[in-house]
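Only one structure is covered here, and it is reproduced in the block below.
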Amino acid sequence: MTALVAELVELARGEEPDVAPTAFRLDEVVQGAVDRAARRAPDLSFHTELEPSVITGVPERVERAVTNLLDNARKWSPPNETVDVAVHDGIVEVRDRGPGIAAEDAPLVFNRFYRARPRGECPGPALGCRSSSRSRTPTAAA
């Protein structure tokens, strides 16, 4: 929990520790993130196509980004659906079968801390909104 709070404070300030990039296997980092997401979403299937792919970067930051994508897919996917995850040529693709991003929100989703308007089953500000057993609050990493 302490590490999570520290990470959130760093993100809010726009500062991150200066870490030297290293070469690492993207497919292995993604597989670990998928394994954790699958444990948190037993009502979903995760289909992976992970080609060996070496990239240069900070593995922890890449893992955090992939985890955010998988968490959004987990939150927005209907129960008993499949989330597809692929790695090829240094690219990660995550596809779910949720409601998607509204056309008017699409140009804004990569703005820092942007939150799309609630869709579907989440009226109002979507704070604490739930559908089935998962939260349905959209986030910028969708």
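Residues in the structure tokens are numbered from 1 in each chain, the chains being A, B, ... in the order shown, and ligands are numbered from 1 in the order shown.
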
Counting only C-alpha atoms, what is within 12 Å of Val19 (chain A), bar same-chain residues fewer than 4 positions away, as number ranges by chain? A: 15, 57-61

If I take CA of Val54 (chain A) and CA of Val94 (chain A), how far is one from the other in Å, to one decimal?
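Separation between CA of Val54 (chain A) and CA of Val94 (chain A): 18.4 Å.
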
Could you pull the residues within 7 Å of Val85 (chain A), counting only C-alpha atoms, minus those fewer than 5 positions along the same chain, as a compact mmCIF listing (two decimals) with all heavy atoms, in the first residue's frame?
# COMPACT_ATOMS: atom_id res chain seq x y z
N HIS A 47 -7.20 -14.51 -23.44
CA HIS A 47 -6.56 -15.21 -24.55
C HIS A 47 -5.32 -14.42 -24.94
O HIS A 47 -5.40 -13.23 -25.22
CB HIS A 47 -7.53 -15.31 -25.74
CG HIS A 47 -6.89 -15.90 -26.94
ND1 HIS A 47 -6.42 -15.15 -27.98
CD2 HIS A 47 -6.63 -17.19 -27.25
CE1 HIS A 47 -5.89 -15.94 -28.89
NE2 HIS A 47 -6.00 -17.19 -28.48
N THR A 48 -4.17 -15.09 -24.91
CA THR A 48 -2.92 -14.39 -25.21
C THR A 48 -2.25 -14.94 -26.46
O THR A 48 -2.30 -16.14 -26.73
CB THR A 48 -1.92 -14.48 -24.03
OG1 THR A 48 -1.65 -15.86 -23.76
CG2 THR A 48 -2.46 -13.82 -22.79
N GLU A 49 -1.64 -14.03 -27.19
CA GLU A 49 -0.74 -14.36 -28.31
C GLU A 49 0.48 -13.48 -28.10
O GLU A 49 0.50 -12.33 -28.53
CB GLU A 49 -1.41 -14.08 -29.65
CG GLU A 49 -2.57 -15.01 -29.94
CD GLU A 49 -3.18 -14.79 -31.31
OE1 GLU A 49 -2.54 -14.14 -32.17
OE2 GLU A 49 -4.30 -15.27 -31.51
N GLU A 93 -1.28 -5.11 -27.50
CA GLU A 93 -2.68 -4.86 -27.86
C GLU A 93 -3.58 -5.56 -26.85
O GLU A 93 -3.39 -6.74 -26.55
CB GLU A 93 -2.99 -5.39 -29.26
CG GLU A 93 -2.20 -4.70 -30.34
CD GLU A 93 -2.46 -5.29 -31.72
OE1 GLU A 93 -3.08 -6.37 -31.82
OE2 GLU A 93 -2.02 -4.66 -32.70
N VAL A 94 -4.57 -4.82 -26.33
CA VAL A 94 -5.55 -5.38 -25.41
C VAL A 94 -6.93 -5.07 -25.99
O VAL A 94 -7.23 -3.92 -26.29
CB VAL A 94 -5.42 -4.77 -23.99
CG1 VAL A 94 -6.52 -5.30 -23.07
CG2 VAL A 94 -4.05 -5.07 -23.41
N ARG A 95 -7.75 -6.11 -26.16
CA ARG A 95 -9.08 -5.93 -26.72
C ARG A 95 -10.10 -6.58 -25.79
O ARG A 95 -9.99 -7.75 -25.46
CB ARG A 95 -9.18 -6.58 -28.09
CG ARG A 95 -10.54 -6.40 -28.72
CD ARG A 95 -10.56 -6.96 -30.14
NE ARG A 95 -11.84 -6.70 -30.74
CZ ARG A 95 -12.83 -7.58 -30.81
NH1 ARG A 95 -12.68 -8.78 -30.29
NH2 ARG A 95 -13.97 -7.26 -31.38

Pairwise distance, CA of Glu28 (chain A) with CA of Thr82 (chain A), equals 20.3 Å

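Considering only C-alpha atoms, the residue among A:Ala41, A:Ala73, A:Ala65, A:Ile55 positioned nearest to Asp96 (chain A) is A:Ala73.
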
What's around Glu63 (chain A) at 10 Å? Count only C-alpha atoms, leave out sequence neighbours fewer than 4 positions away in its own chain, and write the answer as a compact mmCIF listing (two decimals) with N, CA, C and O atoms, in the first residue's frame.
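Final file, part00.txt:
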# COMPACT_ATOMS: atom_id res chain seq x y z
N LEU A 26 9.34 -7.95 -23.33
CA LEU A 26 8.00 -7.39 -23.18
C LEU A 26 6.97 -8.49 -23.00
O LEU A 26 6.06 -8.37 -22.17
N GLU A 28 7.22 -11.34 -21.58
CA GLU A 28 7.26 -11.90 -20.23
C GLU A 28 6.60 -10.95 -19.22
O GLU A 28 5.88 -11.39 -18.32
N VAL A 29 6.84 -9.66 -19.36
CA VAL A 29 6.20 -8.67 -18.48
C VAL A 29 4.69 -8.71 -18.67
O VAL A 29 3.92 -8.72 -17.71
N VAL A 30 4.24 -8.77 -19.92
CA VAL A 30 2.81 -8.81 -20.21
C VAL A 30 2.20 -10.10 -19.66
O VAL A 30 1.11 -10.08 -19.08
N GLN A 31 2.88 -11.23 -19.81
CA GLN A 31 2.34 -12.49 -19.28
C GLN A 31 2.13 -12.41 -17.78
O GLN A 31 1.10 -12.85 -17.27
N GLY A 32 3.07 -11.82 -17.06
CA GLY A 32 2.91 -11.66 -15.61
C GLY A 32 1.71 -10.80 -15.27
O GLY A 32 0.93 -11.10 -14.35
N ALA A 33 1.52 -9.71 -16.02
CA ALA A 33 0.37 -8.83 -15.78
C ALA A 33 -0.94 -9.54 -16.09
O ALA A 33 -1.94 -9.39 -15.37
N VAL A 58 11.80 0.89 -19.03
CA VAL A 58 11.79 0.62 -17.59
C VAL A 58 10.69 -0.41 -17.36
O VAL A 58 9.50 -0.08 -17.46
N PRO A 59 11.05 -1.66 -17.08
CA PRO A 59 10.05 -2.72 -16.98
C PRO A 59 8.90 -2.41 -16.03
O PRO A 59 7.75 -2.71 -16.33
N THR A 67 -0.82 -3.16 -16.86
CA THR A 67 -1.77 -3.48 -15.79
C THR A 67 -2.97 -2.54 -15.83
O THR A 67 -4.11 -2.97 -15.65
N ASN A 68 -2.74 -1.26 -16.10
CA ASN A 68 -3.85 -0.31 -16.23
C ASN A 68 -4.79 -0.71 -17.37
O ASN A 68 -6.01 -0.67 -17.22
N LEU A 69 -4.22 -1.09 -18.51
CA LEU A 69 -5.04 -1.53 -19.64
C LEU A 69 -5.85 -2.77 -19.27
O LEU A 69 -7.05 -2.86 -19.57

TODO: Write out as a ChimeraX atom specification which residues come within 10 Å of Arg74 (chain A) when counting only C-alpha atoms, dropping same-chain ones fewer than 2 positions away.
DONE: /A:37-38,40-46,68-72,76-79,81-83,96-98,134-136

Any chance you could export the current selection's N, CA and C atoms as a short mmCIF file (atom, residue, chain, number, x, y, z; two decimals), in the first residue's frame?
data_model
loop_
_atom_site.label_atom_id
_atom_site.label_comp_id
_atom_site.auth_asym_id
_atom_site.auth_seq_id
_atom_site.Cartn_x
_atom_site.Cartn_y
_atom_site.Cartn_z
N ALA A 37 -4.12 -10.30 -13.59
CA ALA A 37 -5.47 -9.85 -13.97
C ALA A 37 -6.44 -11.03 -13.97
N ALA A 38 -6.00 -12.17 -14.46
CA ALA A 38 -6.87 -13.35 -14.52
C ALA A 38 -7.26 -13.81 -13.11
N ARG A 40 -7.73 -11.86 -10.60
CA ARG A 40 -8.69 -10.88 -10.08
C ARG A 40 -10.02 -10.92 -10.82
N ALA A 41 -10.07 -11.64 -11.93
CA ALA A 41 -11.31 -11.68 -12.75
C ALA A 41 -11.62 -13.12 -13.15
N PRO A 42 -12.03 -13.94 -12.19
CA PRO A 42 -12.27 -15.36 -12.51
C PRO A 42 -13.44 -15.57 -13.48
N ASP A 43 -14.27 -14.55 -13.67
CA ASP A 43 -15.41 -14.68 -14.60
C ASP A 43 -15.05 -14.28 -16.03
N LEU A 44 -13.78 -13.97 -16.29
CA LEU A 44 -13.32 -13.62 -17.64
C LEU A 44 -12.29 -14.63 -18.11
N SER A 45 -12.16 -14.74 -19.42
CA SER A 45 -11.09 -15.53 -20.01
C SER A 45 -10.09 -14.56 -20.63
N PHE A 46 -8.83 -14.89 -20.52
CA PHE A 46 -7.78 -14.08 -21.14
C PHE A 46 -7.11 -14.95 -22.20
N ASN A 68 -2.74 -1.26 -16.10
CA ASN A 68 -3.85 -0.31 -16.23
C ASN A 68 -4.79 -0.71 -17.37
N LEU A 69 -4.22 -1.09 -18.51
CA LEU A 69 -5.04 -1.53 -19.64
C LEU A 69 -5.85 -2.77 -19.27
N LEU A 70 -5.20 -3.73 -18.63
CA LEU A 70 -5.90 -4.96 -18.25
C LEU A 70 -6.96 -4.70 -17.18
N ASP A 71 -6.68 -3.80 -16.24
CA ASP A 71 -7.68 -3.46 -15.22
C ASP A 71 -8.91 -2.82 -15.86
N ASN A 72 -8.70 -1.95 -16.84
CA ASN A 72 -9.84 -1.36 -17.54
C ASN A 72 -10.62 -2.42 -18.31
N TRP A 76 -14.58 -3.32 -17.51
CA TRP A 76 -15.60 -3.02 -18.50
C TRP A 76 -16.11 -4.22 -19.27
N SER A 77 -15.45 -5.35 -19.17
CA SER A 77 -15.89 -6.53 -19.90
C SER A 77 -17.10 -7.18 -19.23
N PRO A 78 -18.09 -7.56 -20.02
CA PRO A 78 -19.21 -8.30 -19.45
C PRO A 78 -18.72 -9.65 -18.91
N PRO A 79 -19.37 -10.19 -17.91
CA PRO A 79 -18.98 -11.50 -17.37
C PRO A 79 -18.97 -12.57 -18.47
N GLU A 81 -16.88 -13.19 -20.76
CA GLU A 81 -16.32 -12.78 -22.05
C GLU A 81 -14.82 -13.05 -22.07
N THR A 82 -14.21 -12.77 -23.19
CA THR A 82 -12.78 -12.98 -23.37
C THR A 82 -12.09 -11.63 -23.60
N VAL A 83 -10.94 -11.47 -22.97
CA VAL A 83 -10.07 -10.32 -23.21
C VAL A 83 -8.88 -10.86 -24.00
N ASP A 96 -11.07 -5.78 -25.36
CA ASP A 96 -12.16 -6.34 -24.57
C ASP A 96 -13.46 -6.19 -25.33
N ARG A 97 -14.54 -6.61 -24.74
CA ARG A 97 -15.85 -6.51 -25.39
C ARG A 97 -16.80 -5.63 -24.60
N GLY A 98 -16.23 -4.59 -23.98
CA GLY A 98 -17.01 -3.62 -23.22
C GLY A 98 -17.66 -2.60 -24.12
N ARG A 134 -17.83 -6.10 -10.53
CA ARG A 134 -16.69 -5.23 -10.86
C ARG A 134 -17.14 -3.79 -10.98
N SER A 135 -16.23 -2.90 -10.59
CA SER A 135 -16.48 -1.47 -10.74
C SER A 135 -16.52 -1.12 -12.22
N ARG A 136 -17.34 -0.13 -12.58
CA ARG A 136 -17.50 0.25 -13.99
C ARG A 136 -17.16 1.71 -14.20
#

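One distance worth recording is that between CA of Ile91 (chain A) and CA of Phe110 (chain A), which is 17.6 Å.
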
Quick one: residues within 9 Å of region 104-107 of chain A, only C-alpha atoms counted, chain neighbours fewer than 5 positions away excluded, as JSON, numbers by chain? {"A": [115, 116, 117]}

| request: Please identify which residues in region 2-83 of chain A DSSP calls helix (DSSP H, G or I) from the backbone, and express them as an MDAnalysis selection string. | output: chainID A and resid 2:13 26:40 59:76
